[in-house]
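> What follows is upload.txt, compact mmCIF, C-alpha atoms and all ligand atoms.
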```
# COMPACT_ATOMS: atom_id res chain seq x y z
CA MET A 1 -32.38 11.32 -30.40
CA ALA A 2 -28.96 12.61 -31.52
CA ILE A 3 -25.85 10.44 -31.36
CA LYS A 4 -23.56 11.39 -28.46
CA LEU A 5 -19.82 10.64 -28.62
CA HIS A 6 -17.92 10.86 -25.33
CA GLY A 7 -14.22 11.17 -26.08
CA HIS A 8 -11.02 13.17 -25.94
CA PRO A 9 -9.63 15.34 -28.77
CA PHE A 10 -6.16 13.65 -28.64
CA SER A 11 -7.41 10.07 -28.24
CA ALA A 12 -6.66 7.82 -31.23
CA ALA A 13 -9.58 5.54 -30.36
CA THR A 14 -11.88 8.58 -30.31
CA HIS A 15 -10.49 9.65 -33.71
CA ARG A 16 -11.40 6.21 -35.11
CA VAL A 17 -15.05 6.77 -34.22
CA ILE A 18 -15.12 10.37 -35.47
CA ALA A 19 -13.66 9.25 -38.82
CA CYS A 20 -16.51 6.74 -39.08
CA LEU A 21 -19.20 9.27 -38.12
CA GLU A 22 -17.80 11.68 -40.73
CA GLU A 23 -17.64 9.00 -43.46
CA LYS A 24 -21.29 8.26 -42.72
CA GLY A 25 -22.22 11.96 -42.68
CA LEU A 26 -23.98 11.54 -39.32
CA GLN A 27 -24.85 14.39 -36.95
CA TYR A 28 -23.46 13.90 -33.46
CA GLU A 29 -22.74 15.73 -30.26
CA PHE A 30 -19.14 15.53 -28.99
CA LEU A 31 -18.79 15.44 -25.22
CA HIS A 32 -15.24 16.15 -24.06
CA ILE A 33 -14.15 13.79 -21.27
CA ASP A 34 -11.32 15.38 -19.31
CA LEU A 35 -8.72 12.62 -18.90
CA SER A 36 -6.43 14.95 -16.91
CA THR A 37 -8.94 15.15 -14.05
CA GLY A 38 -9.86 11.45 -14.24
CA GLN A 39 -13.41 12.15 -15.46
CA HIS A 40 -13.22 8.80 -17.34
CA LYS A 41 -12.73 6.84 -14.12
CA LYS A 42 -15.82 8.24 -12.35
CA GLU A 43 -19.58 8.34 -12.72
CA PRO A 44 -21.35 9.10 -14.96
CA PHE A 45 -18.72 8.03 -17.56
CA ILE A 46 -17.81 4.76 -15.83
CA SER A 47 -21.40 3.55 -16.43
CA LEU A 48 -20.78 3.99 -20.17
CA ASN A 49 -17.48 2.06 -20.08
CA PRO A 50 -16.67 0.12 -16.91
CA PHE A 51 -13.00 -0.02 -18.03
CA GLY A 52 -12.82 3.77 -17.74
CA GLN A 53 -11.50 4.50 -21.24
CA VAL A 54 -12.71 6.77 -24.04
CA PRO A 55 -14.54 6.65 -26.38
CA ALA A 56 -18.13 5.67 -25.61
CA LEU A 57 -21.14 6.26 -27.80
CA GLU A 58 -24.84 6.67 -27.08
CA ASP A 59 -27.41 6.29 -29.81
CA GLY A 60 -30.86 6.63 -28.26
CA ASP A 61 -31.00 4.04 -25.47
CA LEU A 62 -27.98 2.11 -26.80
CA LYS A 63 -24.63 2.58 -25.05
CA VAL A 64 -21.49 1.13 -26.72
CA PHE A 65 -17.77 1.29 -25.94
CA GLU A 66 -14.63 -0.07 -27.70
CA SER A 67 -13.96 2.06 -30.78
CA ARG A 68 -13.99 -0.85 -33.26
CA ALA A 69 -17.32 -2.16 -31.91
CA ILE A 70 -18.74 1.36 -32.26
CA THR A 71 -17.61 1.70 -35.89
CA GLN A 72 -19.14 -1.69 -36.76
CA TYR A 73 -22.42 -0.68 -35.11
CA LEU A 74 -22.46 2.56 -37.11
CA ALA A 75 -21.48 0.89 -40.40
CA TYR A 76 -24.36 -1.61 -40.20
CA THR A 77 -27.01 0.60 -38.58
CA TYR A 78 -26.41 3.46 -41.01
CA ALA A 79 -25.57 1.25 -44.01
CA ASP A 80 -27.67 3.45 -46.30
CA LYS A 81 -25.93 6.70 -45.27
CA GLY A 82 -22.63 8.13 -46.56
CA THR A 83 -19.73 5.85 -47.49
CA PRO A 84 -20.48 2.09 -47.42
CA LEU A 85 -17.88 0.79 -44.93
CA VAL A 86 -18.75 -2.93 -45.01
CA PRO A 87 -19.61 -4.96 -48.13
CA GLN A 88 -23.01 -6.56 -48.65
CA ASP A 89 -21.61 -9.85 -49.98
CA LEU A 90 -20.73 -12.25 -47.14
CA LYS A 91 -17.53 -13.57 -48.74
CA GLU A 92 -16.29 -10.02 -49.29
CA THR A 93 -17.29 -9.24 -45.70
CA ALA A 94 -15.19 -12.17 -44.47
CA ILE A 95 -12.10 -10.64 -46.09
CA VAL A 96 -12.81 -7.21 -44.56
CA TYR A 97 -13.10 -8.93 -41.16
CA VAL A 98 -9.75 -10.68 -41.69
CA TRP A 99 -8.04 -7.31 -42.12
CA MET A 100 -9.96 -5.69 -39.27
CA GLU A 101 -8.61 -8.48 -37.04
CA VAL A 102 -5.10 -8.03 -38.46
CA GLU A 103 -5.28 -4.33 -37.59
CA SER A 104 -6.32 -4.93 -33.98
CA GLN A 105 -4.19 -8.05 -33.30
CA LYS A 106 -1.00 -7.43 -35.31
CA PHE A 107 -0.73 -3.83 -36.50
CA ASP A 108 -2.04 -2.13 -33.37
CA ALA A 109 0.04 -4.34 -31.06
CA ALA A 110 3.22 -2.81 -32.49
CA ALA A 111 2.02 0.55 -33.80
CA ALA A 112 0.11 1.74 -30.71
CA LYS A 113 3.17 1.01 -28.57
CA LEU A 114 5.28 3.14 -30.94
CA SER A 115 2.70 5.91 -30.88
CA PHE A 116 2.78 5.86 -27.07
CA GLU A 117 6.61 6.07 -26.98
CA LEU A 118 7.03 8.61 -29.79
CA VAL A 119 3.89 10.77 -29.54
CA THR A 120 2.18 10.44 -26.16
CA LYS A 121 5.27 10.34 -23.95
CA PRO A 122 6.87 13.50 -25.44
CA MET A 123 3.45 15.24 -25.21
CA LEU A 124 3.32 14.43 -21.48
CA GLY A 125 6.95 15.38 -20.87
CA MET A 126 7.99 11.73 -20.36
CA ILE A 127 11.17 10.12 -21.73
CA THR A 128 10.92 7.83 -24.78
CA ASP A 129 12.41 4.37 -24.25
CA ASP A 130 14.60 3.80 -27.34
CA SER A 131 14.86 0.05 -26.78
CA VAL A 132 11.05 -0.28 -26.80
CA VAL A 133 10.96 1.79 -30.01
CA GLU A 134 13.58 -0.40 -31.68
CA GLU A 135 11.83 -3.65 -30.68
CA HIS A 136 8.42 -2.49 -31.91
CA GLN A 137 9.75 -0.93 -35.12
CA GLU A 138 11.10 -4.35 -36.00
CA LYS A 139 7.71 -5.94 -35.24
CA LEU A 140 5.85 -3.29 -37.22
CA GLY A 141 8.22 -3.72 -40.18
CA LYS A 142 7.31 -7.41 -40.38
CA VAL A 143 3.59 -6.61 -40.29
CA LEU A 144 4.07 -3.98 -43.01
CA ASP A 145 5.87 -6.52 -45.21
CA VAL A 146 2.64 -8.54 -45.22
CA TYR A 147 0.66 -5.35 -45.98
CA GLU A 148 3.01 -4.59 -48.87
CA SER A 149 2.24 -7.88 -50.61
CA ARG A 150 -1.48 -7.60 -49.88
CA LEU A 151 -1.62 -4.04 -51.25
CA ALA A 152 0.40 -5.00 -54.35
CA GLY A 153 -2.69 -6.88 -55.55
CA SER A 154 -5.53 -5.00 -53.86
CA LYS A 155 -6.34 -1.27 -53.77
CA TYR A 156 -7.42 -1.43 -50.12
CA LEU A 157 -6.83 -4.01 -47.39
CA GLY A 158 -10.34 -5.46 -47.52
CA GLY A 159 -10.62 -5.42 -51.33
CA GLU A 160 -11.14 -2.83 -54.07
CA ALA A 161 -13.27 -0.51 -51.91
CA PHE A 162 -12.32 1.51 -48.82
CA SER A 163 -13.77 -0.19 -45.71
CA LEU A 164 -13.57 -0.28 -41.93
CA ALA A 165 -10.43 -2.42 -42.34
CA ASP A 166 -8.64 0.66 -43.70
CA LEU A 167 -10.43 3.23 -41.54
CA HIS A 168 -9.38 1.52 -38.30
CA HIS A 169 -5.70 2.21 -39.15
CA LEU A 170 -6.08 5.95 -39.67
CA PRO A 171 -5.49 7.34 -36.15
CA ILE A 172 -2.24 5.50 -35.47
CA VAL A 173 -0.89 5.84 -39.03
CA SER A 174 -1.57 9.57 -38.77
CA TYR A 175 0.22 9.88 -35.40
CA LEU A 176 3.19 7.78 -36.61
CA PHE A 177 3.54 9.94 -39.73
CA GLY A 178 4.77 12.70 -37.42
CA THR A 179 7.58 10.46 -36.11
CA LYS A 180 10.69 8.68 -37.41
CA THR A 181 8.57 5.50 -37.80
CA LYS A 182 7.09 7.08 -40.98
CA ALA A 183 10.23 5.74 -42.73
CA LEU A 184 8.87 2.18 -42.32
CA PHE A 185 5.76 3.12 -44.32
CA ASP A 186 7.71 5.19 -46.89
CA ALA A 187 10.07 2.28 -47.58
CA ARG A 188 7.18 0.16 -48.91
CA PRO A 189 5.68 1.67 -52.12
CA HIS A 190 2.26 -0.02 -51.96
CA VAL A 191 1.87 0.72 -48.25
CA SER A 192 2.97 4.29 -48.93
CA ARG A 193 0.40 4.70 -51.75
CA TRP A 194 -2.35 3.26 -49.48
CA CYS A 195 -1.45 5.59 -46.59
CA ALA A 196 -1.52 8.65 -48.86
CA ASP A 197 -4.93 7.59 -50.20
CA ILE A 198 -6.64 6.96 -46.85
CA LEU A 199 -5.08 9.96 -45.06
CA ALA A 200 -6.38 12.28 -47.82
CA ARG A 201 -10.01 11.25 -47.33
CA PRO A 202 -12.18 14.31 -46.51
CA ALA A 203 -13.65 12.55 -43.44
CA TRP A 204 -10.14 12.02 -42.03
CA GLN A 205 -9.15 15.60 -42.87
CA LYS A 206 -12.04 16.77 -40.65
CA VAL A 207 -10.50 14.81 -37.76
CA VAL A 208 -7.12 16.44 -38.48
CA GLU A 209 -8.76 19.90 -38.45
CA MET A 210 -10.52 19.11 -35.16
CA MET A 211 -7.18 18.16 -33.56
CA LYS A 212 -5.78 21.63 -34.35
CA HIS A 213 -8.42 23.35 -32.16
N1 LIG B 1 -9.57 -0.64 -27.12
C1 LIG B 1 -10.10 0.64 -26.70
C2 LIG B 1 -8.94 1.51 -26.27
C3 LIG B 1 -9.42 2.78 -25.60
C4 LIG B 1 -8.25 3.59 -25.08
O1 LIG B 1 -7.10 3.11 -24.98
N2 LIG B 1 -8.54 4.84 -24.72
C5 LIG B 1 -7.52 5.70 -24.19
C6 LIG B 1 -7.40 6.98 -25.01
S1 LIG B 1 -6.95 6.60 -26.70
C7 LIG B 1 -7.90 6.09 -22.76
O2 LIG B 1 -9.07 6.25 -22.43
N3 LIG B 1 -6.87 6.23 -21.91
C8 LIG B 1 -7.06 6.60 -20.55
C9 LIG B 1 -6.89 5.43 -19.61
O3 LIG B 1 -6.70 4.28 -20.08
O4 LIG B 1 -6.94 5.68 -18.42
C10 LIG B 1 -10.88 1.28 -27.85
O5 LIG B 1 -10.51 1.02 -29.00
O6 LIG B 1 -11.85 2.01 -27.60
```
As structure tokens, what does this structure read like?
Ligand SMILES: N[C@@H](CCC(=O)N[C@@H](CS)C(=O)NCC(=O)O)C(=O)O


Amino acid sequence: MAIKLHGHPFSAATHRVIACLEEKGLQYEFLHIDLSTGQHKKEPFISLNPFGQVPALEDGDLKVFESRAITQYLAYTYADKGTPLVPQDLKETAIVYVWMEVESQKFDAAAAKLSFELVTKPMLGMITDDSVVEEHQEKLGKVLDVYESRLAGSKYLGGEAFSLADLHHLPIVSYLFGTKTKALFDARPHVSRWCADILARPAWQKVVEMMKH
């Protein structure tokens, strides 16, 4: 049975899963959940994610939500397809997991807030709160200082190969590159090199193309 991805074309969490599906070269059906009419808060979607948020994925009889849980499921289940996104060695895997946690606990905490203020709010005709932007730019800068030293000695966050640890950053990095926060990434040469590398991946470029339609 084909993989079904329920999501929204502007949702960063949905983009994270699409990037993974594309890296793996998997066929899937995209089902557009209309957030503007609250389709995500009602049945049948609410049975896929009781928290009423996109994305959710169905693979046969399996139903999964939370974008990072979905990407891990795909990376392990389809390990032999497309780009390997998790290492086979357990010690190398531990390091990839460190940076996946850093993304969700440290990077996303600051960066997703900035994306909401600088991308989502203007898109919805809401007013950006400059004090929130300032506070979270400072937080993000400190996180990126740690990334800068990590990336000075490692091609990717999880090691020498691209992995889920890098992929999980793509949606928010991509959104922030259209805002003044890009300057924080540009100011750090190793971070800047890493961003250029991961954003240029063909799988990510397919997500970018999809967003234009
Ligand atoms: N941690 C969740 C976050 C999901 C999320 O925030 N989804 C947003 C779109 S990017 C959403 O559904 N927003 C609508 C709402 O919360 O009502 C994941 O990674 O899947």

> Throw together the list of residues within 6 Å of ligand LIG 1 (chain B), counting all atoms listed in the file, and drop it here as a PDB file with C-alpha atoms, in the frame of the given file.


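And here is the file that came out, result-v2.pdb:
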```pdb
ATOM      1  CA  SER A  11      -7.410  10.070 -28.240  1.00  0.00           C
ATOM      2  CA  ALA A  12      -6.660   7.820 -31.230  1.00  0.00           C
ATOM      3  CA  ALA A  13      -9.580   5.540 -30.360  1.00  0.00           C
ATOM      4  CA  GLN A  53     -11.500   4.500 -21.240  1.00  0.00           C
ATOM      5  CA  VAL A  54     -12.710   6.770 -24.040  1.00  0.00           C
ATOM      6  CA  PRO A  55     -14.540   6.650 -26.380  1.00  0.00           C
ATOM      7  CA  GLU A  66     -14.630  -0.070 -27.700  1.00  0.00           C
ATOM      8  CA  SER A  67     -13.960   2.060 -30.780  1.00  0.00           C
ATOM      9  CA  ARG A  68     -13.990  -0.850 -33.260  1.00  0.00           C
TER      10      ARG A  68
END
```

> Can you tell me how far atom CA of A:Leu167 sits from atom CA of A:Val133, in Å to one decimal?

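Answer for the atom CA of A:Leu167 to atom CA of A:Val133 separation: 24.3 Å.
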
> Compare A:Pro189, A:Gly25, A:Pro202, A:Gly158 by their minimum atom-to-atom distance to A:Ala94, counting all atoms listed in the file, and give me the closest one.

A:Gly158

> Please measure the separation of atom CA of A:Ile3 and atom CA of A:Gln105, giving the value in Å to one decimal.

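If I compute the distance from atom CA of A:Ile3 to atom CA of A:Gln105, I get 28.5 Å.
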
> Report the distance between atom CA of A:Val17 and atom CA of A:Gln72 in Å, rounded to one decimal place.

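Result for atom CA of A:Val17 versus atom CA of A:Gln72: 9.7 Å, one decimal.
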
> Could you pull the residues within 10 Å of A:Val102, counting only C-alpha atoms, minus those fewer than 5 positions along the same chain, as a ChimeraX atom specification?

/A:96-97,107-109,143,147,157,165

> Name the residues within 12 Å of (1.6, -10.0, -38.0), counting all atoms listed in the file in the file's coordinates, and put them as a PDB file with C-alpha atoms, keeping the file's coordinate frame.


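Writing done, so here's point.pdb:
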```pdb
ATOM      1  CA  VAL A  98      -9.750 -10.680 -41.690  1.00  0.00           C
ATOM      2  CA  TRP A  99      -8.040  -7.310 -42.120  1.00  0.00           C
ATOM      3  CA  GLU A 101      -8.610  -8.480 -37.040  1.00  0.00           C
ATOM      4  CA  VAL A 102      -5.100  -8.030 -38.460  1.00  0.00           C
ATOM      5  CA  GLU A 103      -5.280  -4.330 -37.590  1.00  0.00           C
ATOM      6  CA  SER A 104      -6.320  -4.930 -33.980  1.00  0.00           C
ATOM      7  CA  GLN A 105      -4.190  -8.050 -33.300  1.00  0.00           C
ATOM      8  CA  LYS A 106      -1.000  -7.430 -35.310  1.00  0.00           C
ATOM      9  CA  PHE A 107      -0.730  -3.830 -36.500  1.00  0.00           C
ATOM     10  CA  ASP A 108      -2.040  -2.130 -33.370  1.00  0.00           C
ATOM     11  CA  ALA A 109       0.040  -4.340 -31.060  1.00  0.00           C
ATOM     12  CA  ALA A 110       3.220  -2.810 -32.490  1.00  0.00           C
ATOM     13  CA  ALA A 111       2.020   0.550 -33.800  1.00  0.00           C
ATOM     14  CA  HIS A 136       8.420  -2.490 -31.910  1.00  0.00           C
ATOM     15  CA  GLU A 138      11.100  -4.350 -36.000  1.00  0.00           C
ATOM     16  CA  LYS A 139       7.710  -5.940 -35.240  1.00  0.00           C
ATOM     17  CA  LEU A 140       5.850  -3.290 -37.220  1.00  0.00           C
ATOM     18  CA  GLY A 141       8.220  -3.720 -40.180  1.00  0.00           C
ATOM     19  CA  LYS A 142       7.310  -7.410 -40.380  1.00  0.00           C
ATOM     20  CA  VAL A 143       3.590  -6.610 -40.290  1.00  0.00           C
ATOM     21  CA  LEU A 144       4.070  -3.980 -43.010  1.00  0.00           C
ATOM     22  CA  ASP A 145       5.870  -6.520 -45.210  1.00  0.00           C
ATOM     23  CA  VAL A 146       2.640  -8.540 -45.220  1.00  0.00           C
ATOM     24  CA  TYR A 147       0.660  -5.350 -45.980  1.00  0.00           C
TER      25      TYR A 147
END
```

> List as a list in words the protein and nucleic acid residues near stretch 194-196 of chain A, meaning an atom at most 8 Å away when only C-alpha atoms are counted, but skip any in the same chain fewer than 6 places from it.

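The residues that qualify are Leu151, Lys155, Tyr156, Val173 and Phe185 of chain A.
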
> Under the rule that all atoms listed in the file are counted, which of A:Leu35, A:Glu117, A:Lys182, A:Gly82 is the nearest residue to A:Ser131?

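Looking at the shortest contact to A:Ser131, the residue is A:Glu117.
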
> Provide stretch 178-189 of chain A rebuilt to all heavy atoms, formatted as a compact mmCIF listing (two decimals), keeping the file's coordinate frame.


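The resulting file, result-v5.txt, is shown below:
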```
# COMPACT_ATOMS: atom_id res chain seq x y z
N GLY A 178 4.04 11.56 -37.99
CA GLY A 178 4.77 12.70 -37.42
C GLY A 178 6.02 12.25 -36.68
O GLY A 178 6.61 13.06 -35.95
N THR A 179 6.42 10.99 -36.84
CA THR A 179 7.58 10.46 -36.11
C THR A 179 8.57 9.79 -37.08
O THR A 179 8.24 9.61 -38.26
CB THR A 179 7.14 9.39 -35.08
OG1 THR A 179 6.79 8.19 -35.80
CG2 THR A 179 5.96 9.83 -34.25
N LYS A 180 9.69 9.34 -36.55
CA LYS A 180 10.69 8.68 -37.41
C LYS A 180 10.17 7.34 -37.96
O LYS A 180 10.70 6.82 -38.95
CB LYS A 180 12.00 8.48 -36.66
CG LYS A 180 11.91 7.54 -35.47
CD LYS A 180 13.29 7.34 -34.85
CE LYS A 180 13.25 6.35 -33.71
NZ LYS A 180 14.54 6.07 -33.12
N THR A 181 9.13 6.79 -37.34
CA THR A 181 8.57 5.50 -37.80
C THR A 181 7.94 5.63 -39.18
O THR A 181 7.74 4.62 -39.88
CB THR A 181 7.54 4.98 -36.76
OG1 THR A 181 8.23 4.83 -35.52
CG2 THR A 181 6.94 3.65 -37.14
N LYS A 182 7.64 6.87 -39.63
CA LYS A 182 7.09 7.08 -40.98
C LYS A 182 7.98 6.40 -42.03
O LYS A 182 7.48 5.92 -43.05
CB LYS A 182 6.99 8.59 -41.27
CG LYS A 182 6.40 8.92 -42.63
CD LYS A 182 6.24 10.44 -42.77
CE LYS A 182 5.52 10.83 -44.05
NZ LYS A 182 6.34 10.65 -45.24
N ALA A 183 9.28 6.34 -41.77
CA ALA A 183 10.23 5.74 -42.73
C ALA A 183 9.85 4.29 -43.05
O ALA A 183 10.08 3.82 -44.17
CB ALA A 183 11.65 5.82 -42.17
N LEU A 184 9.27 3.58 -42.08
CA LEU A 184 8.87 2.18 -42.32
C LEU A 184 7.76 2.11 -43.36
O LEU A 184 7.70 1.15 -44.15
CB LEU A 184 8.37 1.52 -41.03
CG LEU A 184 9.35 1.29 -39.89
CD1 LEU A 184 8.66 0.56 -38.76
CD2 LEU A 184 10.56 0.50 -40.37
N PHE A 185 6.86 3.08 -43.34
CA PHE A 185 5.76 3.12 -44.32
C PHE A 185 6.30 3.58 -45.68
O PHE A 185 5.97 3.01 -46.71
CB PHE A 185 4.66 4.08 -43.84
CG PHE A 185 3.98 3.65 -42.56
CD1 PHE A 185 4.52 3.98 -41.31
CD2 PHE A 185 2.81 2.91 -42.59
CE1 PHE A 185 3.91 3.60 -40.13
CE2 PHE A 185 2.19 2.51 -41.41
CZ PHE A 185 2.73 2.86 -40.17
N ASP A 186 7.16 4.62 -45.65
CA ASP A 186 7.71 5.19 -46.89
C ASP A 186 8.54 4.17 -47.67
O ASP A 186 8.62 4.23 -48.89
CB ASP A 186 8.60 6.40 -46.58
CG ASP A 186 7.80 7.58 -46.05
OD1 ASP A 186 6.56 7.56 -46.17
OD2 ASP A 186 8.43 8.52 -45.51
N ALA A 187 9.16 3.24 -46.94
CA ALA A 187 10.07 2.28 -47.58
C ALA A 187 9.30 1.22 -48.39
O ALA A 187 9.91 0.44 -49.11
CB ALA A 187 10.92 1.58 -46.52
N ARG A 188 7.99 1.19 -48.22
CA ARG A 188 7.18 0.16 -48.91
C ARG A 188 6.19 0.88 -49.85
O ARG A 188 5.20 1.46 -49.38
CB ARG A 188 6.46 -0.70 -47.87
CG ARG A 188 7.45 -1.51 -47.03
CD ARG A 188 6.84 -2.05 -45.75
NE ARG A 188 7.77 -2.94 -45.06
CZ ARG A 188 8.71 -2.53 -44.20
NH1 ARG A 188 8.86 -1.25 -43.92
NH2 ARG A 188 9.52 -3.40 -43.63
N PRO A 189 6.44 0.84 -51.18
CA PRO A 189 5.68 1.67 -52.12
C PRO A 189 4.16 1.46 -52.09
O PRO A 189 3.41 2.43 -52.16
CB PRO A 189 6.24 1.28 -53.50
CG PRO A 189 7.46 0.48 -53.24
CD PRO A 189 7.52 0.09 -51.82
```
